Amino acid sequence: MATNTNEATPTPSLIVGLRLAGKRAAVFGGGQAAASRAVFALDAGADVVIYGPNIPEALGKWTGSGRIHLSPAASYAAADIVAFGIVFVTNDADCNQLAVVQDAHAAGIPVNIAGNTEMSDFVLMPTYSGSSSLQVAVTTNGVAPRAASRLLKEIVRKLPADLEPQLKEAARLSNMARAAEKEHIKALAKLDVVAADATSADMSTAATAIQTPQASMSSSEAGADTQSATPLLDLASLRSGAVQVDQVANVQVASGYISHALSDLCFVYSAPEQEIGEAVLAWSRRAEKNAYGDWVSALRMETRSGAGHALWGALSSGSKVAAVASAESLPYMVPVISQLVARNLPLVVHASAQSLDEFAVAQSDFADAFLALQTNAIFIVSSTAQEAHDMALVAHAVAQAAKVPVVHLTNGSAEAAASATIRMSSHAQAAQYVDAIVKGAGSSGATSHAAVIQQAFAELKNTFGRTYRGFEYSGNADAESAFVSLGQTASTLQTSLPSILKQRSTGVLNVRVLRPWGADEFTSSIPATVKHLT
């Protein structure tokens with residue numbers, strides 16, 4: 001039996017998503033064919049003009065929308081075609097079909113002729129549209145439309161049940177990213193305005209103007225910064241130097257500086273009145289660059305069930321991500337942090353451990369933080385502004401080297417808002433310190449989180465001259481009792497220790513690393529003479 005080798009082979013088509021919002025579609029014909037094509041156009045956002053005897057009954061729900069119009073086929077003129085963005089012609093169109101197609105082609109308007117793929121510029125595909133932005137379509141280029149429909153049903157049947165919620169979350173993260181990009185563009189515009197007014201010999205004046213809210217931000221943004229009780233640093237000296245610099249800062253500013261310097265994205269989880277993360281938000285508004293020369297996007301997020309999903313999306317994109325949060329937001333983040341631990345994603349959370357007493361005064365409180373210990377993330381603790389700066393460095397270095405989330409618990413008491421003069425690393429030092437820990441962990445083959453933390457403490461001593469350990473004992477070497485505490489309580493006890501020692505033989509064990517818990521280090525840090533722990 002001879003084979004016909006002259007059969008036409010369908011021309012491959014370019015599959016695109018055509019946006020019709022704000023455009024008009026012409027449908028020539030009536031009945032079900034015209035109705036189905038009109039629905040395609042209406043669902044895509046177009047207004048529809050039907051050249052036919054009537055509006056098909058299937059379009060009843062659209063008749064009162066003002067988006068569908070009827071025009072007698074005899075009223076059509078060639079000049080009308082330019083008013084449309086897309087044209088459909090059905091088999092029962094009461095007009096010269098060929099003339100309509102030629103008019104559309106002459107005007108460069110895509111046209112579809114029912115049952116005639118040869119003359120059609122595009123074909124209609126069976127399409128699945130989900131409740132979110134998901135659309136799935138299959139085409140055989142008009143050769144076997146029923147086969148395409150069966151394939152589509154099979155594909156949709158196998159879609160993951162949780163796909164649409166994931167797509168909605170991805171859309172939300174995408175919107176956040178676009179918002180952050182707009183902030184960057186606005187910040188660049190502000191820099192351009194300042195630079196244009198400055199002479200090349202007086203760029204320091206421009207830098208000063210950039211640091212002044214009224215000179216570089218809108219009045220509402222300026223008011224937000226000037227009304228804040230959070231003191232801000234002069235980042236110019238920290239950005240340009242290669243050594244430590246004395247700066248006046250409180251706990252929030254000290255940890256926030258490191259968070260901003262070593263991150264691309266900072267998410268703030270707190271109420272505005274808490275002033276947690278205010279420094280990071282202000283530096284982002286002022287387009288201050290991080291230690292890597294990049295702009296940092298800082299966004300305030302809601303503290304609620306499911307908080308932290310934005311962190312996952314940002315980390316998955318490869319960004320260096322930090323969160324500045326109140327400790328009360330940590331329990332909401334437990335599911336996300338646990339997943340980040342499982343996927344070895346290096347998040348850093350600077351959490352202010354606090355609660356309000358009956359007089360609305362902030363007190364140091366770790367109760368909410370303890371609820372998040374189950375995540376298997378690393379937990380380290382600081383109290384003073386100097387410790388907050390140093391432990392923030394350790395947190396970012398360990399997170400990058402060990403590929404694990406690190407929670408840095410800072411002092412959230414009212415006393416922590418007081419400023420003190422501390423030694424702060426420059427941008428260059430901070431970046432070099434993190435790089436040294438990452439390379440050191442890789443070359444030494446450190447496999448445990450505890451080993452990486454010890455390397456970070458050792459490098460901190462070598463670079464900055466300050467010593468930290470997982471458990472830090474203060475007091476008599478032959479003490480019979482010892483207080484075991486962490487954070488501000490431990491600092492207070494250490495400060496009061498000289499007067500206590502006059503009356504009794506005691507000591508204080510400050511817990512610096514809460515997770516992973518080093519049982520052997522804990523035991524070895526306490527004098528063998530200790531009989532009672534409190």
# chains A, B, ... in the order shown; residues from 1 in each chain; ligands from 1
call {"tool": "residues_around", "arguments": {"residues": "range 428-432 of chain A", "least_positions_apart": "6", "cutoff": "10 Å", "atoms": "only C-alpha atoms", "output": "PyMOL selection string"}}
result
chain A and resi 238-244+258+261-262+290-292+393-394+396-397+438+463-464
call {"tool": "write_last_selection", "arguments": {"atoms": "N, CA and C atoms", "output": "PDB file, in the first residue's frame"}}
result
ATOM      1  N   LEU A 238      32.462  53.735  59.357  1.00  0.00           N
ATOM      2  CA  LEU A 238      32.483  52.272  59.420  1.00  0.00           C
ATOM      3  C   LEU A 238      32.607  51.655  58.038  1.00  0.00           C
ATOM      4  N   ARG A 239      32.080  52.358  57.038  1.00  0.00           N
ATOM      5  CA  ARG A 239      32.137  51.843  55.676  1.00  0.00           C
ATOM      6  C   ARG A 239      33.513  52.029  55.059  1.00  0.00           C
ATOM      7  N   SER A 240      34.202  53.097  55.408  1.00  0.00           N
ATOM      8  CA  SER A 240      35.462  53.418  54.736  1.00  0.00           C
ATOM      9  C   SER A 240      36.687  52.877  55.456  1.00  0.00           C
ATOM     10  N   GLY A 241      36.572  52.590  56.767  1.00  0.00           N
ATOM     11  CA  GLY A 241      37.737  52.166  57.519  1.00  0.00           C
ATOM     12  C   GLY A 241      38.048  50.696  57.388  1.00  0.00           C
ATOM     13  N   ALA A 242      39.246  50.325  57.852  1.00  0.00           N
ATOM     14  CA  ALA A 242      39.661  48.929  57.829  1.00  0.00           C
ATOM     15  C   ALA A 242      39.923  48.417  59.234  1.00  0.00           C
ATOM     16  N   VAL A 243      39.651  49.244  60.254  1.00  0.00           N
ATOM     17  CA  VAL A 243      39.897  48.858  61.636  1.00  0.00           C
ATOM     18  C   VAL A 243      38.638  49.120  62.459  1.00  0.00           C
ATOM     19  N   GLN A 244      38.675  48.684  63.716  1.00  0.00           N
ATOM     20  CA  GLN A 244      37.557  48.921  64.613  1.00  0.00           C
ATOM     21  C   GLN A 244      37.409  50.414  64.911  1.00  0.00           C
ATOM     22  N   ILE A 258      25.283  45.085  62.275  1.00  0.00           N
ATOM     23  CA  ILE A 258      25.853  43.866  61.687  1.00  0.00           C
ATOM     24  C   ILE A 258      24.850  43.202  60.757  1.00  0.00           C
ATOM     25  N   ALA A 261      24.901  45.160  57.611  1.00  0.00           N
ATOM     26  CA  ALA A 261      26.186  45.067  56.909  1.00  0.00           C
ATOM     27  C   ALA A 261      26.364  43.737  56.189  1.00  0.00           C
ATOM     28  N   LEU A 262      25.776  42.661  56.715  1.00  0.00           N
ATOM     29  CA  LEU A 262      26.053  41.321  56.191  1.00  0.00           C
ATOM     30  C   LEU A 262      24.853  40.678  55.508  1.00  0.00           C
ATOM     31  N   ASN A 290      25.605  47.738  52.074  1.00  0.00           N
ATOM     32  CA  ASN A 290      26.140  46.793  53.048  1.00  0.00           C
ATOM     33  C   ASN A 290      27.645  46.613  52.849  1.00  0.00           C
ATOM     34  N   ALA A 291      28.212  45.649  53.553  1.00  0.00           N
ATOM     35  CA  ALA A 291      29.660  45.439  53.504  1.00  0.00           C
ATOM     36  C   ALA A 291      30.126  44.919  52.154  1.00  0.00           C
ATOM     37  N   TYR A 292      29.206  44.477  51.316  1.00  0.00           N
ATOM     38  CA  TYR A 292      29.558  43.947  50.005  1.00  0.00           C
ATOM     39  C   TYR A 292      29.300  44.960  48.894  1.00  0.00           C
ATOM     40  N   LEU A 393      27.989  39.210  64.800  1.00  0.00           N
ATOM     41  CA  LEU A 393      29.042  38.767  63.876  1.00  0.00           C
ATOM     42  C   LEU A 393      29.146  37.246  63.864  1.00  0.00           C
ATOM     43  N   VAL A 394      29.197  36.668  65.051  1.00  0.00           N
ATOM     44  CA  VAL A 394      29.303  35.210  65.157  1.00  0.00           C
ATOM     45  C   VAL A 394      28.106  34.536  64.498  1.00  0.00           C
ATOM     46  N   HIS A 396      26.122  35.535  62.019  1.00  0.00           N
ATOM     47  CA  HIS A 396      26.161  35.565  60.555  1.00  0.00           C
ATOM     48  C   HIS A 396      27.271  34.661  60.011  1.00  0.00           C
ATOM     49  N   ALA A 397      28.413  34.641  60.678  1.00  0.00           N
ATOM     50  CA  ALA A 397      29.516  33.796  60.205  1.00  0.00           C
ATOM     51  C   ALA A 397      29.175  32.318  60.330  1.00  0.00           C
ATOM     52  N   VAL A 438      33.954  30.916  57.077  1.00  0.00           N
ATOM     53  CA  VAL A 438      33.453  30.028  56.024  1.00  0.00           C
ATOM     54  C   VAL A 438      34.601  29.210  55.435  1.00  0.00           C
ATOM     55  N   THR A 463      40.920  38.418  65.817  1.00  0.00           N
ATOM     56  CA  THR A 463      40.684  39.622  65.019  1.00  0.00           C
ATOM     57  C   THR A 463      40.374  40.844  65.868  1.00  0.00           C
ATOM     58  N   PHE A 464      39.541  40.658  66.910  1.00  0.00           N
ATOM     59  CA  PHE A 464      39.052  41.810  67.665  1.00  0.00           C
ATOM     60  C   PHE A 464      39.531  41.850  69.118  1.00  0.00           C
TER      61      PHE A 464
END
call {"tool": "residues_around", "arguments": {"residues": "Gly66 in chain A", "least_positions_apart": "5", "cutoff": "12 Å", "atoms": "only C-alpha atoms", "output": "ChimeraX atom specification"}}
result
/A:42,46-49,60-61
call {"tool": "write_last_selection", "arguments": {"atoms": "all heavy atoms", "output": "PDB file, in the first residue's frame"}}
result
ATOM      1  N   LEU A  42     -13.235  37.432  26.939  1.00  0.00           N
ATOM      2  CA  LEU A  42     -13.713  38.089  28.159  1.00  0.00           C
ATOM      3  C   LEU A  42     -12.882  37.679  29.367  1.00  0.00           C
ATOM      4  O   LEU A  42     -12.521  38.513  30.204  1.00  0.00           O
ATOM      5  CB  LEU A  42     -15.189  37.751  28.383  1.00  0.00           C
ATOM      6  CG  LEU A  42     -16.179  38.393  27.405  1.00  0.00           C
ATOM      7  CD1 LEU A  42     -17.526  37.686  27.482  1.00  0.00           C
ATOM      8  CD2 LEU A  42     -16.337  39.891  27.704  1.00  0.00           C
ATOM      9  N   ALA A  46     -10.659  41.292  27.768  1.00  0.00           N
ATOM     10  CA  ALA A  46     -11.057  42.118  26.625  1.00  0.00           C
ATOM     11  C   ALA A  46     -12.547  42.444  26.666  1.00  0.00           C
ATOM     12  O   ALA A  46     -13.348  41.717  27.263  1.00  0.00           O
ATOM     13  CB  ALA A  46     -10.718  41.406  25.319  1.00  0.00           C
ATOM     14  N   ASP A  47     -12.922  43.546  26.016  1.00  0.00           N
ATOM     15  CA  ASP A  47     -14.322  43.825  25.706  1.00  0.00           C
ATOM     16  C   ASP A  47     -14.620  43.177  24.350  1.00  0.00           C
ATOM     17  O   ASP A  47     -13.740  43.112  23.482  1.00  0.00           O
ATOM     18  CB  ASP A  47     -14.578  45.327  25.629  1.00  0.00           C
ATOM     19  CG  ASP A  47     -14.524  45.987  26.997  1.00  0.00           C
ATOM     20  OD1 ASP A  47     -14.514  45.257  28.006  1.00  0.00           O
ATOM     21  OD2 ASP A  47     -14.462  47.226  27.055  1.00  0.00           O
ATOM     22  N   VAL A  48     -15.846  42.684  24.166  1.00  0.00           N
ATOM     23  CA  VAL A  48     -16.164  41.894  22.970  1.00  0.00           C
ATOM     24  C   VAL A  48     -17.289  42.551  22.166  1.00  0.00           C
ATOM     25  O   VAL A  48     -18.300  42.986  22.734  1.00  0.00           O
ATOM     26  CB  VAL A  48     -16.569  40.457  23.366  1.00  0.00           C
ATOM     27  CG1 VAL A  48     -17.065  39.684  22.148  1.00  0.00           C
ATOM     28  CG2 VAL A  48     -15.385  39.731  24.008  1.00  0.00           C
ATOM     29  N   VAL A  49     -17.088  42.613  20.855  1.00  0.00           N
ATOM     30  CA  VAL A  49     -18.140  43.016  19.924  1.00  0.00           C
ATOM     31  C   VAL A  49     -18.501  41.802  19.083  1.00  0.00           C
ATOM     32  O   VAL A  49     -17.630  41.216  18.424  1.00  0.00           O
ATOM     33  CB  VAL A  49     -17.692  44.169  19.014  1.00  0.00           C
ATOM     34  CG1 VAL A  49     -18.791  44.494  17.995  1.00  0.00           C
ATOM     35  CG2 VAL A  49     -17.361  45.402  19.840  1.00  0.00           C
ATOM     36  N   GLY A  60     -25.123  34.958  28.846  1.00  0.00           N
ATOM     37  CA  GLY A  60     -26.094  35.714  29.631  1.00  0.00           C
ATOM     38  C   GLY A  60     -25.493  36.455  30.804  1.00  0.00           C
ATOM     39  O   GLY A  60     -25.862  37.592  31.094  1.00  0.00           O
ATOM     40  N   LYS A  61     -24.542  35.823  31.514  1.00  0.00           N
ATOM     41  CA  LYS A  61     -23.996  36.464  32.709  1.00  0.00           C
ATOM     42  C   LYS A  61     -23.157  37.704  32.387  1.00  0.00           C
ATOM     43  O   LYS A  61     -22.870  38.511  33.268  1.00  0.00           O
ATOM     44  CB  LYS A  61     -23.160  35.468  33.505  1.00  0.00           C
ATOM     45  CG  LYS A  61     -21.828  35.096  32.862  1.00  0.00           C
ATOM     46  CD  LYS A  61     -20.988  34.264  33.811  1.00  0.00           C
ATOM     47  CE  LYS A  61     -19.605  33.990  33.237  1.00  0.00           C
ATOM     48  NZ  LYS A  61     -18.741  33.266  34.180  1.00  0.00           N
TER      49      LYS A  61
END
call {"tool": "residues_around", "arguments": {"residues": "Tyr128 in chain A", "least_positions_apart": "5", "cutoff": "9 Å", "atoms": "only C-alpha atoms", "output": "PyMOL selection string"}}
result
chain A and resi 134-137+152-153+156
call {"tool": "closest_residue", "arguments": {"among": "A:Pro56, A:Pro331, A:Gly64, A:Pro346", "to": "Ala314 in chain A", "atoms": "only C-alpha atoms"}}
result
A:Pro346
call {"tool": "residues_around", "arguments": {"residues": "Trp312 in chain A", "least_positions_apart": "2", "cutoff": "10 Å", "atoms": "only C-alpha atoms", "output": "number ranges by chain"}}
result
A: 173, 308-310, 314-317, 321, 336-337, 339-340, 345, 347
call {"tool": "residues_around", "arguments": {"residues": "Gly518 in chain A", "least_positions_apart": "2", "cutoff": "12 Å", "atoms": "only C-alpha atoms", "output": "VMD selection string"}}
result
chain A and resid 378 448 to 451 453 to 454 469 to 471 511 to 516 520 to 525
call {"tool": "atom_distance", "arguments": {"atom1": "CA of His427 in chain A", "atom2": "CA of Gly293 in chain A"}}
result
9.4 Å
call {"tool": "atom_distance", "arguments": {"atom1": "CA of Arg37 in chain A", "atom2": "CA of Phe88 in chain A"}}
result
7.0 Å
call {"tool": "residues_around", "arguments": {"residues": "Lys439 in chain A", "least_positions_apart": "5", "cutoff": "12 Å", "atoms": "only C-alpha atoms", "output": "list in words"}}
result
Ala397, Val398, Gln400, Ala401, Ala402, Gln432, Tyr433, Val434, Ser444, Gly445, Ala446, Val452, Gln455, Ala456 and Glu459 of chain A
call {"tool": "closest_residue", "arguments": {"among": "A:Glu472, A:Asp264, A:Glu275, A:Asp365", "to": "Ala353 in chain A", "atoms": "only C-alpha atoms"}}
result
A:Asp365
